[in-house]
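S.K.: Please see the structure below; I have some questions.
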Amino acid sequence: MAPTLASLVHHSALKLTVRAGEDRLDVPVRWAHVSELADPVPYMEGGELLLITALKLDAEDSEAMHRYVKRLAGAGVVGLGFAVGVNYDEVPEALVAAARQEGLPLLEVPRRTPFLAISKAVSAAIAADQYRAVTAGFAAQRELTRQTLAHGPEGLLAALAAQVDGWAALYDASGAVVATAPEWAGRRAARLTADVQRLRERPAPASSVVGGTGNAEHPENADRVELHSLGTSRRPRSALAVGTAAALGTAERYAVHSAIALLTLTTERSRSLHEAGLRIDAAVLRMLLAGEPDHARTVAGDLYGGLLDAPFRMIVAEQASASAARAHAGPHARAAAARSGPGTDASSTAGPAGEPLGALGTLVEVVESAAARSGEAVLVVPEGERLVVLATDGGAAVAACAEHASALEAGRPAPEPMTGGDQEGLVVGLSAPSGPIAASTAYRQAEQALSVARRRGRVCVEHEHLAAGSVLPLLADDAVRAFADGLLRALRDHDATGRGDLVASLRAWLSRHGQWDAAAADLGVHRHTLRYRMRRVEEILGRSLDDPDVRMELWLALKATSAE
């Protein structure tokens with residue numbers, strides 16, 4: 001432990017005598033400093049034992065000594081050593097009285113004890129304490145490494161909590177608690193989720209200190225908690241919390257730093273391993289889409305558990321800017337992109353090791369964090385400006401994706417972490433439940449849903465909702481409206497001259513499936529009048545209403561323009 005005034009007093013070679021402040025001798029001494037200045041405070045840092053002979057002081061002046069001692073105590077000086085037999089044969093009573101009044105320990109230094117001996121004793125004690133701390137730190141590092149190898153992050157947290165005499169917790173990328181040690185610390189760790197999310201907004205490596213996680217009713221929970229980001233990437237993927245009753249000592253600090261290094265190694269794969277994993281993911285997905293589920297299972301092995309056998313959903317997501325570009329691309333370009341399949345696109349929106357950035361990167365964290373918390377397997381294949389995800393139907397990953405999209409669409413903060421203020425918009429298509437044999441169908445469904453979401457200005461559309469809904473909302477497209485306007489323009493021009501109401505008559509006749517009497521009754525005209533109007537429609541359009549395709553096109557044109 002660090003040297004204290006008590007340890008110096010009990011040092012047999014120093015022969016120090018306590019003249020004041022007997023109840024404050026357990027204070028640690030950071031250094032021993034000699035100064036004969038009348039005001040040495042500007043050169044003090046706090047924690048020093050000040051050694052003087054009163055060469056420039058009137059140590060018998062009560063008021064002067066009171067001001068001198070009070071100033072020293074206010075500067076954080078922990079003790080005053082007065083050498084007798086130099087300028088004063090005894091410690092002046094004025095100085096003793098002032099020290100007692102301020103509660104500052106006053107030590108009498110005999111003539112035969114040089115100040116240098118005291119400085120050496122303090123220095124040796126500090127060096128010994130540091131050596132013990134380093135030795136203890138290395139021992140803690142060995143124990144943490146052993147526990148990590150034997151029991152993973154959970155074993156490391158347990159060893160760390162024992163080393164710091166407190167508790168430790170590991171958080172995932174979303175700020176959710178992954179593991180704690182001891183188990184009772186789970187509730188305390190859960191209170192820090194918002195602080196962990198704020199920590200992730202800072203460039204890595206980042207750390208912060210949070211105090212008072214308890215409350216007035218439970219003061220025993222008012223821990224001092226240190227938060228540390230884990231990882232080497234721009235956005236930390238996890239965080240470590242260490243809760244203690246007081247600030248960490250040197251040995252405990254070594255243990256925490258060792259834990260950070262070990263957790264970083266265990267929670268982050270190397271760049272080459274990560275790239276290899278991405279290639280395997282993309283290969284497995286291409287095999288599924290090619291109708292080769294058996295080959296996909298062989299390549300995947302146990303990587304995805306039962307994901308490739310259970311009903312799953314296919315998710316296709318794009319950043320809004322890329323989605324808009326696809327919408328304006330020609331049909332040949334869109335077809336070529338669709339034929340290329342997942343895993344073949346390279347884009348500047350991908351970061352190091354192919355990790356997606358921006359809105360897609362956030363979606364990856366949302367999906368993977370939810371899957372990790374529930375123990376699900378998930379297959380994620382970044383494609384630069386596009387992301388393909390295979391996730392268990394009804395699982396936490398699909399639910400988290402839908403919730404994240406709903407939060408973005410509602411314009412409120414997302415339930416999962418959003419880092420930075422440069423998030424681009426997101427467009428997501430979700431397939432219906434499918435199996436490995438129909439993976440290509442699920443991919444097409446997800447793309448179709450994505451296309452509808454893009455056209456409607458939505459964040460997420462599920463294919464099942466399209467099948468259960470109406471085709472009419474799909475007509476809200478500029479190309480469809482342009483076609484409808486062109487098809488009906490001649491009829492509207494005719495009606496504008498006041499020579500009849502051909503558009504309304506056509507709508508009534510089609511809505512009644514060509515029943516003359518019913519349609520005429522709806523219009524309030526004679527059926528012969530309606531027959532005449534329908535002949536005029538045929539003449540103006542140059543098309544026969546007996547053709548079912550013509551009737552269908554006219555009906556859709558009327559529906560597409562009915563909102564105008």
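Residues in the structure tokens are numbered from 1 in each chain, the chains being A, B, ... in the order shown, and ligands are numbered from 1 in the order shown.
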Please list as a VMD selection string every residue within 8 Å of Ala557 (chain A), counting only C-alpha atoms and excluding residues in the same chain fewer than 5 positions away.

M.R.: chain A and resid 480 to 481 483 to 485 487 to 488

S.K.: Can you work out the spacing between CA of Val378 (chain A) and CA of Tyr304 (chain A) in Å, to one decimal?

M.R.: 6.7 Å

S.K.: I want to know what sits within 7 Å of Ala251 (chain A), based on only C-alpha atoms, with residues of the same chain fewer than 3 positions away left out; could you give that as a compact mmCIF listing (two decimals) with N, CA and C atoms, in the first residue's frame?

M.R.:
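And here is the file that came out, part.txt:
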```
# COMPACT_ATOMS: atom_id res chain seq x y z
N ALA A 133 1.81 -3.21 -7.08
CA ALA A 133 0.67 -3.01 -7.98
C ALA A 133 0.93 -3.65 -9.34
N VAL A 134 2.14 -3.46 -9.87
CA VAL A 134 2.47 -4.05 -11.16
C VAL A 134 2.46 -5.56 -11.07
N ALA A 136 0.82 -7.38 -8.92
CA ALA A 136 -0.58 -7.80 -8.79
C ALA A 136 -1.30 -7.67 -10.13
N GLY A 137 -0.95 -6.63 -10.91
CA GLY A 137 -1.56 -6.45 -12.22
C GLY A 137 -1.23 -7.58 -13.17
N TYR A 254 -4.73 -1.89 -13.74
CA TYR A 254 -4.08 -2.87 -14.61
C TYR A 254 -5.08 -3.96 -15.00
N ALA A 255 -5.86 -4.43 -14.04
CA ALA A 255 -6.82 -5.50 -14.31
C ALA A 255 -7.87 -5.06 -15.32
```

S.K.: For Asp172 (chain A), which of A:Arg111, A:His33, A:Arg373, A:Arg191 is the closest residue, counting only C-alpha atoms?

M.R.: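 Using only C-alpha atoms, Asp172 (chain A) sits closest to A:Arg373.
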
S.K.: Neighbours of Val366 (chain A) within 7 Å (only C-alpha atoms; same-chain residues fewer than 4 positions away dropped), as a ChimeraX atom specification?

M.R.: /A:362,370,400-401,416

S.K.: Using only C-alpha atoms, which protein or nucleic acid residues come within 6 Å of region 101-110 of chain A? Drop anything in the same chain fewer than 4 positions from it, and give the result as a PyMOL selection string.

M.R.: chain A and resi 16-21+79-84

S.K.: Determine, counting only C-alpha atoms, which protein, DNA and RNA residues have an atom within 10 Å of an atom of Ala449 (chain A); residues of the same chain fewer than 5 positions away are not included. Present the result as a PyMOL selection string.

M.R.: chain A and resi 315-316+427-432+443-444+454-455+460-466

S.K.: Any chance you can output those residues with N, CA and C atoms as a PDB file, in the first residue's frame?

M.R.:
```pdb
ATOM      1  N   ILE A 315     -34.942 -10.671 -46.080  1.00  0.00           N
ATOM      2  CA  ILE A 315     -35.025  -9.216 -45.973  1.00  0.00           C
ATOM      3  C   ILE A 315     -34.055  -8.612 -46.972  1.00  0.00           C
ATOM      4  N   VAL A 316     -34.540  -7.705 -47.794  1.00  0.00           N
ATOM      5  CA  VAL A 316     -33.687  -6.954 -48.721  1.00  0.00           C
ATOM      6  C   VAL A 316     -33.847  -5.483 -48.384  1.00  0.00           C
ATOM      7  N   VAL A 427     -34.891   1.777 -47.019  1.00  0.00           N
ATOM      8  CA  VAL A 427     -36.026   1.148 -47.681  1.00  0.00           C
ATOM      9  C   VAL A 427     -35.850  -0.355 -47.520  1.00  0.00           C
ATOM     10  N   VAL A 428     -36.906  -1.036 -47.012  1.00  0.00           N
ATOM     11  CA  VAL A 428     -36.794  -2.449 -46.669  1.00  0.00           C
ATOM     12  C   VAL A 428     -37.958  -3.222 -47.268  1.00  0.00           C
ATOM     13  N   GLY A 429     -37.653  -4.390 -47.852  1.00  0.00           N
ATOM     14  CA  GLY A 429     -38.666  -5.322 -48.329  1.00  0.00           C
ATOM     15  C   GLY A 429     -38.545  -6.630 -47.590  1.00  0.00           C
ATOM     16  N   LEU A 430     -39.670  -7.184 -47.128  1.00  0.00           N
ATOM     17  CA  LEU A 430     -39.675  -8.396 -46.316  1.00  0.00           C
ATOM     18  C   LEU A 430     -40.521  -9.458 -46.993  1.00  0.00           C
ATOM     19  N   SER A 431     -39.952 -10.651 -47.199  1.00  0.00           N
ATOM     20  CA  SER A 431     -40.666 -11.726 -47.884  1.00  0.00           C
ATOM     21  C   SER A 431     -41.655 -12.398 -46.950  1.00  0.00           C
ATOM     22  N   ALA A 432     -42.492 -13.256 -47.521  1.00  0.00           N
ATOM     23  CA  ALA A 432     -43.345 -14.117 -46.723  1.00  0.00           C
ATOM     24  C   ALA A 432     -42.506 -15.265 -46.176  1.00  0.00           C
ATOM     25  N   TYR A 443     -36.625 -14.437 -52.169  1.00  0.00           N
ATOM     26  CA  TYR A 443     -35.803 -13.286 -52.571  1.00  0.00           C
ATOM     27  C   TYR A 443     -36.581 -12.376 -53.525  1.00  0.00           C
ATOM     28  N   ARG A 444     -37.293 -12.989 -54.488  1.00  0.00           N
ATOM     29  CA  ARG A 444     -38.107 -12.175 -55.413  1.00  0.00           C
ATOM     30  C   ARG A 444     -39.209 -11.443 -54.666  1.00  0.00           C
ATOM     31  N   ARG A 454     -40.409   1.489 -52.131  1.00  0.00           N
ATOM     32  CA  ARG A 454     -39.746   2.606 -52.801  1.00  0.00           C
ATOM     33  C   ARG A 454     -40.772   3.501 -53.488  1.00  0.00           C
ATOM     34  N   ARG A 455     -41.728   2.900 -54.183  1.00  0.00           N
ATOM     35  CA  ARG A 455     -42.724   3.678 -54.915  1.00  0.00           C
ATOM     36  C   ARG A 455     -43.664   4.429 -53.990  1.00  0.00           C
ATOM     37  N   CYS A 460     -40.669   0.314 -44.885  1.00  0.00           N
ATOM     38  CA  CYS A 460     -40.720  -1.148 -44.949  1.00  0.00           C
ATOM     39  C   CYS A 460     -42.079  -1.609 -45.442  1.00  0.00           C
ATOM     40  N   VAL A 461     -42.067  -2.600 -46.320  1.00  0.00           N
ATOM     41  CA  VAL A 461     -43.293  -3.231 -46.807  1.00  0.00           C
ATOM     42  C   VAL A 461     -43.094  -4.737 -46.745  1.00  0.00           C
ATOM     43  N   GLU A 462     -44.093  -5.451 -46.221  1.00  0.00           N
ATOM     44  CA  GLU A 462     -44.053  -6.911 -46.173  1.00  0.00           C
ATOM     45  C   GLU A 462     -44.837  -7.481 -47.343  1.00  0.00           C
ATOM     46  N   HIS A 463     -44.293  -8.510 -47.966  1.00  0.00           N
ATOM     47  CA  HIS A 463     -44.932  -9.098 -49.137  1.00  0.00           C
ATOM     48  C   HIS A 463     -46.301  -9.657 -48.800  1.00  0.00           C
ATOM     49  N   GLU A 464     -46.446 -10.196 -47.597  1.00  0.00           N
ATOM     50  CA  GLU A 464     -47.744 -10.756 -47.196  1.00  0.00           C
ATOM     51  C   GLU A 464     -48.830  -9.686 -47.194  1.00  0.00           C
ATOM     52  N   HIS A 465     -48.481  -8.476 -46.802  1.00  0.00           N
ATOM     53  CA  HIS A 465     -49.470  -7.411 -46.782  1.00  0.00           C
ATOM     54  C   HIS A 465     -49.902  -7.032 -48.185  1.00  0.00           C
ATOM     55  N   LEU A 466     -49.005  -7.161 -49.158  1.00  0.00           N
ATOM     56  CA  LEU A 466     -49.376  -6.874 -50.543  1.00  0.00           C
ATOM     57  C   LEU A 466     -50.399  -7.872 -51.043  1.00  0.00           C
TER      58      LEU A 466
END
```

S.K.: One decimal, in Å: what's the spacing between CA of Gly301 (chain A) and CA of Asp281 (chain A)?

M.R.: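 Interatomic distance, CA of Gly301 (chain A) to CA of Asp281 (chain A): 11.7 Å.
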
S.K.: Please list as a PDB file with C-alpha atoms, in the first residue's frame every residue within 9 Å of Val210 (chain A), counting only C-alpha atoms and excluding residues in the same chain fewer than 4 positions away.

M.R.:
```
ATOM      1  CA  LEU A 192     -26.707   2.228 -17.655  1.00  0.00           C
ATOM      2  CA  ASP A 195     -25.027   5.875 -20.875  1.00  0.00           C
ATOM      3  CA  ASP A 223     -21.441   2.844  -7.130  1.00  0.00           C
ATOM      4  CA  ARG A 224     -18.719   4.554  -9.069  1.00  0.00           C
ATOM      5  CA  VAL A 225     -18.990   3.005 -12.543  1.00  0.00           C
ATOM      6  CA  GLU A 226     -16.431   3.211 -15.320  1.00  0.00           C
ATOM      7  CA  LEU A 227     -17.651   2.586 -18.885  1.00  0.00           C
TER       8      LEU A 227
END
```

S.K.: What's the separation between CA of Glu252 (chain A) and CA of Asp165 (chain A), in Å to one decimal place?

M.R.: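 Interatomic distance here is 9.0 Å.
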
S.K.: Measuring between only C-alpha atoms, which one of A:Ala158, A:Arg286, A:Thr561, A:Val367 shows the shortest distance to Ala402 (chain A)?

M.R.: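 The closest residue to Ala402 (chain A) is A:Val367.
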
S.K.: Select, from A:Asp517, A:Ile118, A:Glu385, A:Pro436, the residue with the minimum atom-to-atom distance to Val284 (chain A), counting only C-alpha atoms.

M.R.: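 Smallest distance to Val284 (chain A) is found for A:Pro436.
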